[in-house]
>>> print(open('work.pdb').read())   # PDB, C-alpha atoms and all ligand atoms
ATOM      1  CA  MET Y   1      33.370 -11.844 -49.876
ATOM      2  CA  ILE Y   2      30.508 -11.867 -52.330
ATOM      3  CA  PRO Y   3      29.630  -8.697 -54.275
ATOM      4  CA  GLY Y   4      26.223  -7.080 -53.897
ATOM      5  CA  SER Y   5      23.679  -7.914 -56.572
ATOM      6  CA  PHE Y   6      23.772  -6.106 -59.909
ATOM      7  CA  VAL Y   7      22.202  -6.293 -63.345
ATOM      8  CA  TYR Y   8      24.541  -7.464 -66.096
ATOM      9  CA  HIS Y   9      24.403  -5.871 -69.568
ATOM     10  CA  ARG Y  10      26.403  -6.990 -72.601
ATOM     11  CA  PRO Y  11      26.232  -4.483 -75.464
ATOM     12  CA  THR Y  12      27.763  -5.335 -78.841
ATOM     13  CA  SER Y  13      28.594  -1.810 -80.031
ATOM     14  CA  VAL Y  14      30.089   1.358 -78.569
ATOM     15  CA  GLY Y  15      26.854   3.210 -79.343
ATOM     16  CA  GLU Y  16      24.820   0.659 -77.410
ATOM     17  CA  ALA Y  17      27.247   0.810 -74.465
ATOM     18  CA  ILE Y  18      27.166   4.584 -74.112
ATOM     19  CA  GLY Y  19      23.390   4.575 -74.581
ATOM     20  CA  LEU Y  20      23.082   2.089 -71.712
ATOM     21  CA  LEU Y  21      25.436   4.068 -69.471
ATOM     22  CA  ALA Y  22      23.594   7.329 -70.178
ATOM     23  CA  GLY Y  23      20.221   5.722 -69.527
ATOM     24  CA  LEU Y  24      21.206   3.878 -66.357
ATOM     25  CA  GLY Y  25      22.977   6.893 -64.811
ATOM     26  CA  GLU Y  26      25.483   6.932 -61.963
ATOM     27  CA  GLU Y  27      24.578   3.462 -60.678
ATOM     28  CA  ALA Y  28      26.079   1.891 -63.818
ATOM     29  CA  ARG Y  29      29.785   1.140 -64.387
ATOM     30  CA  PRO Y  30      31.667  -0.173 -67.421
ATOM     31  CA  LEU Y  31      33.181  -3.618 -66.852
ATOM     32  CA  ALA Y  32      36.377  -4.565 -68.701
ATOM     33  CA  GLY Y  33      38.564  -7.403 -67.374
ATOM     34  CA  GLY Y  34      37.052  -7.025 -63.903
ATOM     35  CA  HIS Y  35      40.403  -7.515 -62.168
ATOM     36  CA  SER Y  36      40.193  -4.205 -60.321
ATOM     37  CA  LEU Y  37      36.436  -3.646 -60.250
ATOM     38  CA  ILE Y  38      35.310  -7.104 -59.090
ATOM     39  CA  PRO Y  39      37.738  -7.169 -56.109
ATOM     40  CA  MET Y  40      36.439  -3.686 -55.153
ATOM     41  CA  MET Y  41      32.867  -5.007 -55.385
ATOM     42  CA  LYS Y  42      33.737  -8.031 -53.258
ATOM     43  CA  LEU Y  43      35.058  -5.669 -50.585
ATOM     44  CA  ARG Y  44      31.889  -3.559 -51.015
ATOM     45  CA  LEU Y  45      34.102  -0.566 -51.830
ATOM     46  CA  ALA Y  46      32.174  -0.362 -55.123
ATOM     47  CA  THR Y  47      28.476  -1.192 -55.282
ATOM     48  CA  PRO Y  48      27.280  -0.566 -58.859
ATOM     49  CA  GLU Y  49      23.704  -1.633 -59.563
ATOM     50  CA  HIS Y  50      24.455  -2.215 -63.248
ATOM     51  CA  LEU Y  51      27.565  -3.516 -64.983
ATOM     52  CA  VAL Y  52      27.937  -2.732 -68.673
ATOM     53  CA  ASP Y  53      30.375  -5.360 -69.942
ATOM     54  CA  LEU Y  54      32.500  -4.065 -72.829
ATOM     55  CA  ALA Y  55      33.837  -7.533 -73.733
ATOM     56  CA  GLY Y  56      31.376  -8.077 -76.584
ATOM     57  CA  ILE Y  57      32.421  -4.936 -78.501
ATOM     58  CA  ALA Y  58      34.880  -5.956 -81.220
ATOM     59  CA  ASP Y  59      35.642  -2.316 -82.123
ATOM     60  CA  LEU Y  60      37.334  -1.818 -78.737
ATOM     61  CA  ARG Y  61      40.016  -4.435 -79.427
ATOM     62  CA  GLY Y  62      43.253  -4.490 -81.379
ATOM     63  CA  ILE Y  63      46.585  -2.768 -81.923
ATOM     64  CA  ARG Y  64      47.298  -0.895 -85.150
ATOM     65  CA  ALA Y  65      49.639   1.709 -86.641
ATOM     66  CA  ASP Y  66      48.169   5.015 -87.791
ATOM     67  CA  GLY Y  67      50.739   7.353 -89.316
ATOM     68  CA  GLY Y  68      53.354   8.018 -86.666
ATOM     69  CA  ASP Y  69      51.092   6.752 -83.881
ATOM     70  CA  ILE Y  70      49.964   3.400 -82.562
ATOM     71  CA  ILE Y  71      46.368   2.979 -81.494
ATOM     72  CA  ILE Y  72      45.479   0.372 -78.883
ATOM     73  CA  GLY Y  73      41.817  -0.497 -78.343
ATOM     74  CA  ALA Y  74      40.740  -0.187 -74.721
ATOM     75  CA  MET Y  75      39.706  -3.865 -74.433
ATOM     76  CA  THR Y  76      43.096  -5.143 -75.604
ATOM     77  CA  THR Y  77      44.416  -7.371 -72.840
ATOM     78  CA  GLN Y  78      47.760  -6.951 -71.119
ATOM     79  CA  HIS Y  79      48.624 -10.430 -72.477
ATOM     80  CA  GLU Y  80      47.969  -9.226 -76.042
ATOM     81  CA  ILE Y  81      50.300  -6.285 -75.431
ATOM     82  CA  VAL Y  82      53.043  -8.659 -74.297
ATOM     83  CA  GLY Y  83      52.593 -10.687 -77.505
ATOM     84  CA  SER Y  84      52.392  -7.805 -80.002
ATOM     85  CA  ASP Y  85      55.257  -7.759 -82.527
ATOM     86  CA  LEU Y  86      54.288  -4.213 -83.557
ATOM     87  CA  LEU Y  87      54.640  -2.925 -79.993
ATOM     88  CA  ALA Y  88      57.822  -4.935 -79.384
ATOM     89  CA  ALA Y  89      59.387  -3.234 -82.412
ATOM     90  CA  GLN Y  90      58.098   0.300 -81.906
ATOM     91  CA  ILE Y  91      57.144   0.923 -78.245
ATOM     92  CA  PRO Y  92      58.935  -1.840 -76.320
ATOM     93  CA  ILE Y  93      58.417  -0.175 -72.921
ATOM     94  CA  LEU Y  94      54.781  -1.343 -73.107
ATOM     95  CA  ARG Y  95      55.824  -4.993 -73.233
ATOM     96  CA  GLU Y  96      58.357  -4.482 -70.433
ATOM     97  CA  THR Y  97      55.709  -2.819 -68.250
ATOM     98  CA  SER Y  98      52.975  -5.366 -69.004
ATOM     99  CA  LEU Y  99      55.274  -8.177 -67.922
ATOM    100  CA  LEU Y 100      55.633  -6.481 -64.531
ATOM    101  CA  ILE Y 101      51.859  -6.312 -63.975
ATOM    102  CA  ALA Y 102      50.513  -8.994 -61.662
ATOM    103  CA  ASP Y 103      50.831 -12.510 -63.110
ATOM    104  CA  PRO Y 104      49.812 -14.275 -66.339
ATOM    105  CA  GLN Y 105      46.316 -15.076 -65.017
ATOM    106  CA  VAL Y 106      45.564 -11.382 -64.421
ATOM    107  CA  ARG Y 107      47.206 -10.330 -67.696
ATOM    108  CA  TYR Y 108      45.093 -12.785 -69.752
ATOM    109  CA  VAL Y 109      41.945 -10.881 -68.734
ATOM    110  CA  GLY Y 110      42.997  -7.431 -67.480
ATOM    111  CA  THR Y 111      42.808  -4.771 -70.188
ATOM    112  CA  ILE Y 112      44.898  -1.730 -71.042
ATOM    113  CA  GLY Y 113      41.764   0.418 -70.946
ATOM    114  CA  GLY Y 114      40.795  -0.791 -67.483
ATOM    115  CA  ASN Y 115      44.336  -0.266 -66.250
ATOM    116  CA  VAL Y 116      44.495   3.379 -67.332
ATOM    117  CA  ALA Y 117      40.818   4.295 -66.679
ATOM    118  CA  ASN Y 118      40.784   2.817 -63.170
ATOM    119  CA  GLY Y 119      42.473   5.857 -61.580
ATOM    120  CA  ASP Y 120      44.448   3.812 -59.048
ATOM    121  CA  PRO Y 121      47.941   5.364 -58.675
ATOM    122  CA  GLY Y 122      49.221   1.811 -58.161
ATOM    123  CA  ASN Y 123      48.385   0.818 -61.727
ATOM    124  CA  ASP Y 124      51.539   0.644 -63.830
ATOM    125  CA  MET Y 125      50.366   1.790 -67.262
ATOM    126  CA  PRO Y 126      49.233   5.359 -66.453
ATOM    127  CA  ALA Y 127      52.731   6.688 -65.665
ATOM    128  CA  VAL Y 128      54.059   4.964 -68.784
ATOM    129  CA  MET Y 129      51.330   6.595 -70.882
ATOM    130  CA  MET Y 130      52.218   9.988 -69.376
ATOM    131  CA  CYS Y 131      55.883   9.319 -70.118
ATOM    132  CA  LEU Y 132      55.040   8.470 -73.759
ATOM    133  CA  GLY Y 133      52.749  11.480 -74.274
ATOM    134  CA  ALA Y 134      49.738   9.250 -75.046
ATOM    135  CA  ARG Y 135      46.213  10.561 -75.566
ATOM    136  CA  TYR Y 136      43.030   8.825 -74.454
ATOM    137  CA  GLN Y 137      40.173   8.676 -76.959
ATOM    138  CA  VAL Y 138      36.977   8.964 -74.967
ATOM    139  CA  VAL Y 139      33.409   8.644 -76.230
ATOM    140  CA  GLY Y 140      30.083   9.510 -74.628
ATOM    141  CA  ASN Y 141      26.577  10.589 -75.516
ATOM    142  CA  SER Y 142      27.779  14.114 -76.275
ATOM    143  CA  GLY Y 143      30.518  12.969 -78.679
ATOM    144  CA  GLU Y 144      34.218  12.177 -78.657
ATOM    145  CA  ARG Y 145      37.122  13.770 -76.768
ATOM    146  CA  SER Y 146      40.870  13.246 -76.913
ATOM    147  CA  ILE Y 147      42.468  13.759 -73.499
ATOM    148  CA  PRO Y 148      46.248  13.820 -72.919
ATOM    149  CA  ALA Y 149      47.212  11.171 -70.374
ATOM    150  CA  ARG Y 150      49.175  13.947 -68.640
ATOM    151  CA  ASP Y 151      45.877  15.777 -67.924
ATOM    152  CA  PHE Y 152      43.715  12.745 -67.155
ATOM    153  CA  TYR Y 153      44.517  11.930 -63.521
ATOM    154  CA  GLN Y 154      42.995  14.202 -60.884
ATOM    155  CA  GLY Y 155      43.192  12.176 -57.660
ATOM    156  CA  THR Y 156      42.926   8.629 -56.392
ATOM    157  CA  TYR Y 157      40.147   6.986 -58.473
ATOM    158  CA  LEU Y 158      39.360  10.437 -59.869
ATOM    159  CA  THR Y 159      39.930  11.004 -63.590
ATOM    160  CA  ALA Y 160      38.799  13.336 -66.368
ATOM    161  CA  LEU Y 161      36.211  10.736 -67.515
ATOM    162  CA  ARG Y 162      32.691  12.142 -67.224
ATOM    163  CA  PRO Y 163      29.743   9.983 -66.137
ATOM    164  CA  GLY Y 164      28.562   7.864 -69.047
ATOM    165  CA  GLU Y 165      31.820   8.152 -71.011
ATOM    166  CA  ILE Y 166      33.988   5.207 -71.941
ATOM    167  CA  LEU Y 167      37.609   5.086 -72.964
ATOM    168  CA  ALA Y 168      37.600   3.650 -76.497
ATOM    169  CA  ALA Y 169      41.308   3.651 -77.365
ATOM    170  CA  ILE Y 170      44.756   4.983 -76.542
ATOM    171  CA  ARG Y 171      46.756   6.852 -79.188
ATOM    172  CA  ILE Y 172      50.513   6.760 -78.589
ATOM    173  CA  PRO Y 173      53.120   8.640 -80.643
ATOM    174  CA  VAL Y 174      55.877   6.208 -81.592
ATOM    175  CA  PRO Y 175      59.125   7.332 -79.906
ATOM    176  CA  ALA Y 176      62.079   8.140 -82.188
ATOM    177  CA  ALA Y 177      63.935   5.190 -83.725
ATOM    178  CA  GLY Y 178      66.843   4.173 -81.514
ATOM    179  CA  HIS Y 179      65.279   5.554 -78.352
ATOM    180  CA  GLY Y 180      66.256   4.123 -74.992
ATOM    181  CA  PHE Y 181      63.576   3.019 -72.542
ATOM    182  CA  ALA Y 182      63.059   1.291 -69.215
ATOM    183  CA  TYR Y 183      60.371   0.610 -66.638
ATOM    184  CA  GLU Y 184      61.896  -0.184 -63.255
ATOM    185  CA  LYS Y 185      59.507  -1.371 -60.536
ATOM    186  CA  LEU Y 186      60.189  -2.216 -56.911
ATOM    187  CA  LYS Y 187      57.638  -4.658 -55.510
ATOM    188  CA  ARG Y 188      57.525  -6.796 -52.400
ATOM    189  CA  LYS Y 189      56.866 -10.014 -54.333
ATOM    190  CA  VAL Y 190      55.861 -11.228 -57.771
ATOM    191  CA  GLY Y 191      52.349 -10.029 -58.561
ATOM    192  CA  ASP Y 192      52.475  -7.031 -56.230
ATOM    193  CA  TYR Y 193      51.707  -3.410 -56.981
ATOM    194  CA  ALA Y 194      54.699  -1.040 -56.996
ATOM    195  CA  THR Y 195      56.285   0.288 -53.838
ATOM    196  CA  ALA Y 196      57.639   2.787 -56.375
ATOM    197  CA  ALA Y 197      58.345   2.580 -60.097
ATOM    198  CA  ALA Y 198      59.842   4.781 -62.803
ATOM    199  CA  ALA Y 199      59.378   4.907 -66.570
ATOM    200  CA  VAL Y 200      61.987   6.539 -68.792
ATOM    201  CA  VAL Y 201      62.047   7.175 -72.544
ATOM    202  CA  LEU Y 202      65.050   9.075 -73.925
ATOM    203  CA  THR Y 203      66.978   9.767 -77.083
ATOM    204  CA  MET Y 204      70.711  10.427 -77.327
ATOM    205  CA  ASN Y 205      72.741  12.458 -79.776
ATOM    206  CA  GLY Y 206      76.546  12.376 -79.804
ATOM    207  CA  GLY Y 207      76.627  10.805 -76.333
ATOM    208  CA  ALA Y 208      74.341  13.438 -74.767
ATOM    209  CA  ILE Y 209      70.656  13.305 -73.845
ATOM    210  CA  ALA Y 210      68.634  14.996 -76.601
ATOM    211  CA  ALA Y 211      65.153  14.293 -75.186
ATOM    212  CA  CYS Y 212      63.892  12.628 -72.028
ATOM    213  CA  SER Y 213      60.542  11.891 -70.415
ATOM    214  CA  ILE Y 214      59.937  10.406 -66.954
ATOM    215  CA  GLY Y 215      56.828   8.887 -65.352
ATOM    216  CA  LEU Y 216      56.490   7.733 -61.731
ATOM    217  CA  THR Y 217      54.076   5.132 -60.321
ATOM    218  CA  ASN Y 218      52.494   4.896 -56.864
ATOM    219  CA  VAL Y 219      54.321   7.743 -55.164
ATOM    220  CA  ALA Y 220      51.444  10.265 -55.038
ATOM    221  CA  SER Y 221      47.651  10.227 -55.237
ATOM    222  CA  THR Y 222      48.033  10.178 -59.036
ATOM    223  CA  PRO Y 223      50.663   8.880 -61.427
ATOM    224  CA  LEU Y 224      53.269  11.583 -62.049
ATOM    225  CA  TRP Y 225      54.966  13.040 -65.101
ATOM    226  CA  ALA Y 226      58.252  14.391 -63.743
ATOM    227  CA  GLU Y 227      58.883  17.115 -66.313
ATOM    228  CA  GLU Y 228      61.361  19.153 -64.234
ATOM    229  CA  ALA Y 229      63.489  16.105 -63.419
ATOM    230  CA  ALA Y 230      63.716  15.243 -67.119
ATOM    231  CA  LYS Y 231      64.696  18.811 -68.065
ATOM    232  CA  VAL Y 232      67.723  18.616 -65.769
ATOM    233  CA  LEU Y 233      69.116  15.791 -67.894
ATOM    234  CA  ILE Y 234      68.905  17.415 -71.326
ATOM    235  CA  GLY Y 235      72.382  17.944 -72.808
ATOM    236  CA  SER Y 236      74.091  15.812 -70.154
ATOM    237  CA  THR Y 237      75.878  12.498 -70.648
ATOM    238  CA  LEU Y 238      73.992  11.112 -67.635
ATOM    239  CA  ASP Y 239      77.045  11.741 -65.483
ATOM    240  CA  ALA Y 240      76.646  10.919 -61.800
ATOM    241  CA  ALA Y 241      76.235  14.526 -60.636
ATOM    242  CA  THR Y 242      73.446  15.302 -63.121
ATOM    243  CA  VAL Y 243      71.623  12.044 -62.394
ATOM    244  CA  LYS Y 244      71.789  12.899 -58.683
ATOM    245  CA  GLN Y 245      70.260  16.306 -59.425
ATOM    246  CA  ALA Y 246      67.451  14.764 -61.532
ATOM    247  CA  VAL Y 247      66.750  12.156 -58.861
ATOM    248  CA  ALA Y 248      66.494  14.908 -56.243
ATOM    249  CA  ALA Y 249      64.046  16.826 -58.473
ATOM    250  CA  ALA Y 250      61.926  13.694 -58.975
ATOM    251  CA  GLU Y 251      61.940  12.849 -55.267
ATOM    252  CA  ALA Y 252      60.857  16.385 -54.388
ATOM    253  CA  PHE Y 253      57.880  15.956 -56.741
ATOM    254  CA  THR Y 254      56.554  12.826 -54.951
ATOM    255  CA  SER Y 255      54.093  12.751 -52.068
ATOM    256  CA  PRO Y 256      53.458   9.089 -51.301
ATOM    257  CA  ALA Y 257      51.260   7.786 -48.510
ATOM    258  CA  ALA Y 258      52.701   5.511 -45.849
ATOM    259  CA  ASP Y 259      51.162   2.062 -46.267
ATOM    260  CA  ALA Y 260      52.005  -1.616 -46.067
ATOM    261  CA  ARG Y 261      54.692  -1.021 -48.705
ATOM    262  CA  GLY Y 262      56.613   1.270 -46.369
ATOM    263  CA  PRO Y 263      56.803   4.739 -44.851
ATOM    264  CA  ALA Y 264      56.450   7.754 -47.126
ATOM    265  CA  HIS Y 265      60.150   8.725 -46.970
ATOM    266  CA  TYR Y 266      61.224   5.209 -47.952
ATOM    267  CA  ARG Y 267      58.878   5.165 -50.946
ATOM    268  CA  THR Y 268      60.156   8.570 -52.083
ATOM    269  CA  LYS Y 269      63.735   7.306 -51.873
ATOM    270  CA  MET Y 270      62.802   4.124 -53.754
ATOM    271  CA  ALA Y 271      61.297   6.273 -56.515
ATOM    272  CA  GLY Y 272      64.706   7.904 -56.808
ATOM    273  CA  VAL Y 273      66.478   4.542 -56.906
ATOM    274  CA  MET Y 274      64.070   3.258 -59.580
ATOM    275  CA  LEU Y 275      64.621   6.414 -61.628
ATOM    276  CA  ALA Y 276      68.422   6.134 -61.465
ATOM    277  CA  ARG Y 277      68.194   2.495 -62.569
ATOM    278  CA  ALA Y 278      65.747   3.285 -65.374
ATOM    279  CA  LEU Y 279      67.987   6.088 -66.670
ATOM    280  CA  ALA Y 280      71.039   3.805 -66.761
ATOM    281  CA  THR Y 281      69.111   1.010 -68.493
ATOM    282  CA  ALA Y 282      67.542   3.404 -71.011
ATOM    283  CA  LYS Y 283      70.929   4.941 -71.831
ATOM    284  CA  GLY Y 284      72.373   1.469 -72.360
ATOM    285  CA  ARG Y 285      69.569   0.612 -74.793
ATOM    286  CA  ALA Y 286      69.657   3.871 -76.778
ATOM    287  CA  ARG Y 287      71.282   3.764 -80.205
TER     288      ARG Y 287
HETATM  289  C1  LIG C   1      46.186 -10.073 -57.912
HETATM  290  C2  LIG C   1      46.208  -8.841 -58.736
HETATM  291  C3  LIG C   1      47.408  -8.155 -58.892
HETATM  292  C4  LIG C   1      47.451  -7.000 -59.657
HETATM  293  N1  LIG C   1      48.643  -6.359 -59.806
HETATM  294  C5  LIG C   1      48.715  -5.257 -60.597
HETATM  295  C6  LIG C   1      49.955  -4.599 -60.813
HETATM  296  O1  LIG C   1      51.016  -4.991 -60.327
HETATM  297  N2  LIG C   1      49.955  -3.504 -61.617
HETATM  298  C7  LIG C   1      48.812  -3.036 -62.212
HETATM  299  O2  LIG C   1      48.871  -2.057 -62.940
HETATM  300  N3  LIG C   1      47.639  -3.647 -62.022
HETATM  301  C8  LIG C   1      47.558  -4.743 -61.244
HETATM  302  N4  LIG C   1      46.347  -5.368 -61.059
HETATM  303  C9  LIG C   1      45.158  -4.775 -61.681
HETATM  304  C10 LIG C   1      44.960  -5.309 -63.094
HETATM  305  O3  LIG C   1      45.982  -4.847 -63.957
HETATM  306  C11 LIG C   1      43.594  -4.873 -63.633
HETATM  307  O4  LIG C   1      43.308  -5.737 -64.673
HETATM  308  C12 LIG C   1      43.491  -3.445 -64.103
HETATM  309  O5  LIG C   1      43.796  -2.534 -63.092
HETATM  310  C13 LIG C   1      42.072  -3.082 -64.540
HETATM  311  O6  LIG C   1      41.805  -3.598 -65.789
HETATM  312  P1  LIG C   1      40.488  -4.427 -66.017
HETATM  313  O7  LIG C   1      40.400  -4.645 -67.483
HETATM  314  O8  LIG C   1      40.510  -5.626 -65.165
HETATM  315  O9  LIG C   1      39.352  -3.360 -65.591
HETATM  316  P2  LIG C   1      38.092  -3.481 -64.625
HETATM  317  O10 LIG C   1      38.476  -4.041 -63.318
HETATM  318  O11 LIG C   1      36.969  -4.134 -65.352
HETATM  319  O12 LIG C   1      37.747  -1.925 -64.476
HETATM  320  C14 LIG C   1      38.519  -1.070 -63.664
HETATM  321  C15 LIG C   1      37.844   0.313 -63.609
HETATM  322  O13 LIG C   1      37.966   0.965 -64.859
HETATM  323  C16 LIG C   1      36.668   1.222 -65.435
HETATM  324  N5  LIG C   1      36.816   0.896 -66.855
HETATM  325  C17 LIG C   1      37.311  -0.237 -67.387
HETATM  326  N6  LIG C   1      37.377  -0.145 -68.712
HETATM  327  C18 LIG C   1      36.888   1.070 -69.032
HETATM  328  C19 LIG C   1      36.712   1.774 -70.267
HETATM  329  N7  LIG C   1      37.057   1.228 -71.441
HETATM  330  N8  LIG C   1      36.189   3.012 -70.229
HETATM  331  C20 LIG C   1      35.850   3.583 -69.037
HETATM  332  N9  LIG C   1      36.004   2.986 -67.848
HETATM  333  C21 LIG C   1      36.527   1.741 -67.851
HETATM  334  C22 LIG C   1      35.709   0.309 -64.690
HETATM  335  O14 LIG C   1      34.395   0.861 -64.632
HETATM  336  C23 LIG C   1      36.342   0.268 -63.312
HETATM  337  O15 LIG C   1      36.015   1.429 -62.586
HETATM  338  C24 LIG C   1      46.270  -6.512 -60.291
HETATM  339  C25 LIG C   1      45.068  -7.204 -60.134
HETATM  340  C26 LIG C   1      45.020  -8.346 -59.364
HETATM  341  C27 LIG C   1      43.714  -9.075 -59.223
END
>>> encode(input="work.pdb", output="structure tokens", more="lines below")
Ligand SMILES: Cc1cc2nc3c(=O)[nH]c(=O)nc-3n(C[C@H](O)[C@H](O)[C@H](O)COP(=O)(O)OP(=O)(O)OC[C@H]3O[C@@H](n4cnc5c(N)ncnc54)[C@H](O)[C@@H]3O)c2cc1C
Amino acid sequence: MIPGSFVYHRPTSVGEAIGLLAGLGEEARPLAGGHSLIPMMKLRLATPEHLVDLAGIADLRGIRADGGDIIIGAMTTQHEIVGSDLLAAQIPILRETSLLIADPQVRYVGTIGGNVANGDPGNDMPAVMMCLGARYQVVGNSGERSIPARDFYQGTYLTALRPGEILAAIRIPVPAAGHGFAYEKLKRKVGDYATAAAAVVLTMNGGAIAACSIGLTNVASTPLWAEEAAKVLIGSTLDAATVKQAVAAAEAFTSPAADARGPAHYRTKMAGVMLARALATAKGRAR
């Protein structure tokens, strides 16, 4: 299918981009890698009259350390995240997750900002950002806001972004040294969105779980931060009975739709299986 016609804009600064979006109103959309938006336009599920391409804005790119945080520019590609030595050393779950997104062709162009701003519960990065306690740095005509990823997702394709705002960067607190991590994703084939997926970041002390955070992908109308499931695990050694209890808490928190990936009950159960696997892998990696 061919998208409807639109006017293409290519600003070179954040100020110019938000000025364009404010002036053009609701018929304008930011364009990042285009690997979610263009397919939607081809299906006529999105029909923006103006596309404001963020690719020419150098300030929106790059990965850097800032105190105890890492800041990733919104236009950083998934491929750049895979190749970042800084992220590999400090937040390795981002590399693991990026490698499970689509295929190299999509990752060369698809951006981290587009992945988290899109609002599709099938995107992999939002649950990971919730798991990590990331904050989204958002800028618009009325100034800047910092929104916790855990508060950002309101429904399918519905986020806390206001009209005319763009996501400029993601600020992620670096997890404690020696933390364990895992992103486990069930998909029907290489390049597919998740049937269900689970992100885990944990720390251990004397063989017991000292801290744990859990994110779930594609098992509700938004990505989920499974706070209650993680609480169950604190102080445990990840023994089978406690893991079973945490899995039950996580499953109870899901509300997936039935779709081509399977009936709702199956996807809930697969979220539990992914969580159990992610917990075991994360424990094995923790030092
Ligand atoms: C074949 C295929 C398989 C895929 N498989 C997966 C998968 O397994 N997992 C997964 O997570 N994703 C998958 N994707 C989606 C891919 O990761 C996209 O690249 C990503 O979802 C969107 O990033 P983008 O840079 O392409 O954004 P775009 O498509 O350009 O934009 C997506 C949306 O976000 C908005 N937006 C983009 N950037 C900003 C910003 N900085 N500020 C405000 N709004 C913004 C746009 O207006 C649009 O509404 C797949 C895509 C394809 C084509």
>>> resolve_selection(input="work.pdb", expression="the PyMOL selection byres (((not hetatm)) within 8 of (chain C and resi 1))", output="PDB file with C-alpha atoms, in the frame of the given file")
ATOM      1  CA  ARG Y  29      29.785   1.140 -64.387  1.00  0.00           C
ATOM      2  CA  PRO Y  30      31.667  -0.173 -67.421  1.00  0.00           C
ATOM      3  CA  LEU Y  31      33.181  -3.618 -66.852  1.00  0.00           C
ATOM      4  CA  ALA Y  32      36.377  -4.565 -68.701  1.00  0.00           C
ATOM      5  CA  GLY Y  33      38.564  -7.403 -67.374  1.00  0.00           C
ATOM      6  CA  GLY Y  34      37.052  -7.025 -63.903  1.00  0.00           C
ATOM      7  CA  HIS Y  35      40.403  -7.515 -62.168  1.00  0.00           C
ATOM      8  CA  SER Y  36      40.193  -4.205 -60.321  1.00  0.00           C
ATOM      9  CA  LEU Y  37      36.436  -3.646 -60.250  1.00  0.00           C
ATOM     10  CA  ILE Y  38      35.310  -7.104 -59.090  1.00  0.00           C
ATOM     11  CA  PRO Y  39      37.738  -7.169 -56.109  1.00  0.00           C
ATOM     12  CA  LEU Y  54      32.500  -4.065 -72.829  1.00  0.00           C
ATOM     13  CA  LEU Y  60      37.334  -1.818 -78.737  1.00  0.00           C
ATOM     14  CA  ALA Y  74      40.740  -0.187 -74.721  1.00  0.00           C
ATOM     15  CA  MET Y  75      39.706  -3.865 -74.433  1.00  0.00           C
ATOM     16  CA  THR Y  77      44.416  -7.371 -72.840  1.00  0.00           C
ATOM     17  CA  GLN Y  78      47.760  -6.951 -71.119  1.00  0.00           C
ATOM     18  CA  LEU Y 100      55.633  -6.481 -64.531  1.00  0.00           C
ATOM     19  CA  ILE Y 101      51.859  -6.312 -63.975  1.00  0.00           C
ATOM     20  CA  ALA Y 102      50.513  -8.994 -61.662  1.00  0.00           C
ATOM     21  CA  ASP Y 103      50.831 -12.510 -63.110  1.00  0.00           C
ATOM     22  CA  VAL Y 106      45.564 -11.382 -64.421  1.00  0.00           C
ATOM     23  CA  ARG Y 107      47.206 -10.330 -67.696  1.00  0.00           C
ATOM     24  CA  VAL Y 109      41.945 -10.881 -68.734  1.00  0.00           C
ATOM     25  CA  GLY Y 110      42.997  -7.431 -67.480  1.00  0.00           C
ATOM     26  CA  THR Y 111      42.808  -4.771 -70.188  1.00  0.00           C
ATOM     27  CA  ILE Y 112      44.898  -1.730 -71.042  1.00  0.00           C
ATOM     28  CA  GLY Y 113      41.764   0.418 -70.946  1.00  0.00           C
ATOM     29  CA  GLY Y 114      40.795  -0.791 -67.483  1.00  0.00           C
ATOM     30  CA  ASN Y 115      44.336  -0.266 -66.250  1.00  0.00           C
ATOM     31  CA  VAL Y 116      44.495   3.379 -67.332  1.00  0.00           C
ATOM     32  CA  ALA Y 117      40.818   4.295 -66.679  1.00  0.00           C
ATOM     33  CA  ASN Y 118      40.784   2.817 -63.170  1.00  0.00           C
ATOM     34  CA  GLY Y 119      42.473   5.857 -61.580  1.00  0.00           C
ATOM     35  CA  ASP Y 120      44.448   3.812 -59.048  1.00  0.00           C
ATOM     36  CA  GLY Y 122      49.221   1.811 -58.161  1.00  0.00           C
ATOM     37  CA  ASN Y 123      48.385   0.818 -61.727  1.00  0.00           C
ATOM     38  CA  ASP Y 124      51.539   0.644 -63.830  1.00  0.00           C
ATOM     39  CA  MET Y 125      50.366   1.790 -67.262  1.00  0.00           C
ATOM     40  CA  VAL Y 138      36.977   8.964 -74.967  1.00  0.00           C
ATOM     41  CA  LEU Y 161      36.211  10.736 -67.515  1.00  0.00           C
ATOM     42  CA  GLU Y 165      31.820   8.152 -71.011  1.00  0.00           C
ATOM     43  CA  ILE Y 166      33.988   5.207 -71.941  1.00  0.00           C
ATOM     44  CA  LEU Y 167      37.609   5.086 -72.964  1.00  0.00           C
ATOM     45  CA  ALA Y 168      37.600   3.650 -76.497  1.00  0.00           C
ATOM     46  CA  ALA Y 169      41.308   3.651 -77.365  1.00  0.00           C
ATOM     47  CA  GLY Y 191      52.349 -10.029 -58.561  1.00  0.00           C
ATOM     48  CA  ASP Y 192      52.475  -7.031 -56.230  1.00  0.00           C
ATOM     49  CA  TYR Y 193      51.707  -3.410 -56.981  1.00  0.00           C
ATOM     50  CA  ALA Y 194      54.699  -1.040 -56.996  1.00  0.00           C
TER      51      ALA Y 194
END
>>> atom_distance(input="work.pdb", atom1="CA of Lys187 in chain Y", atom2="CA of Thr203 in chain Y")
27.6 Å
>>> closest_residue(input="work.pdb", among="Y:Val200, Y:Leu43, Y:Met130, Y:Leu20", to="Arg285 in chain Y", atoms="all atoms listed in the file")
Y:Val200
>>> residues_around(input="work.pdb", residues="Phe253 in chain Y", least_positions_apart="5", cutoff="10 Å", atoms="all atoms listed in the file", output="PyMOL selection string")
chain Y and resi 216+219-220+224-229+247-248+268
>>> resolve_selection(input="work.pdb", expression="the PyMOL selection byres (((chain Y and resi 2-4) around 10) and not hetatm)", output="list in words")
Met1, Ser5, Phe6, Ile38, Pro39, Met40, Met41, Lys42, Leu43, Arg44, Leu45, Ala46, Thr47, Pro48 and Glu49 of chain Y
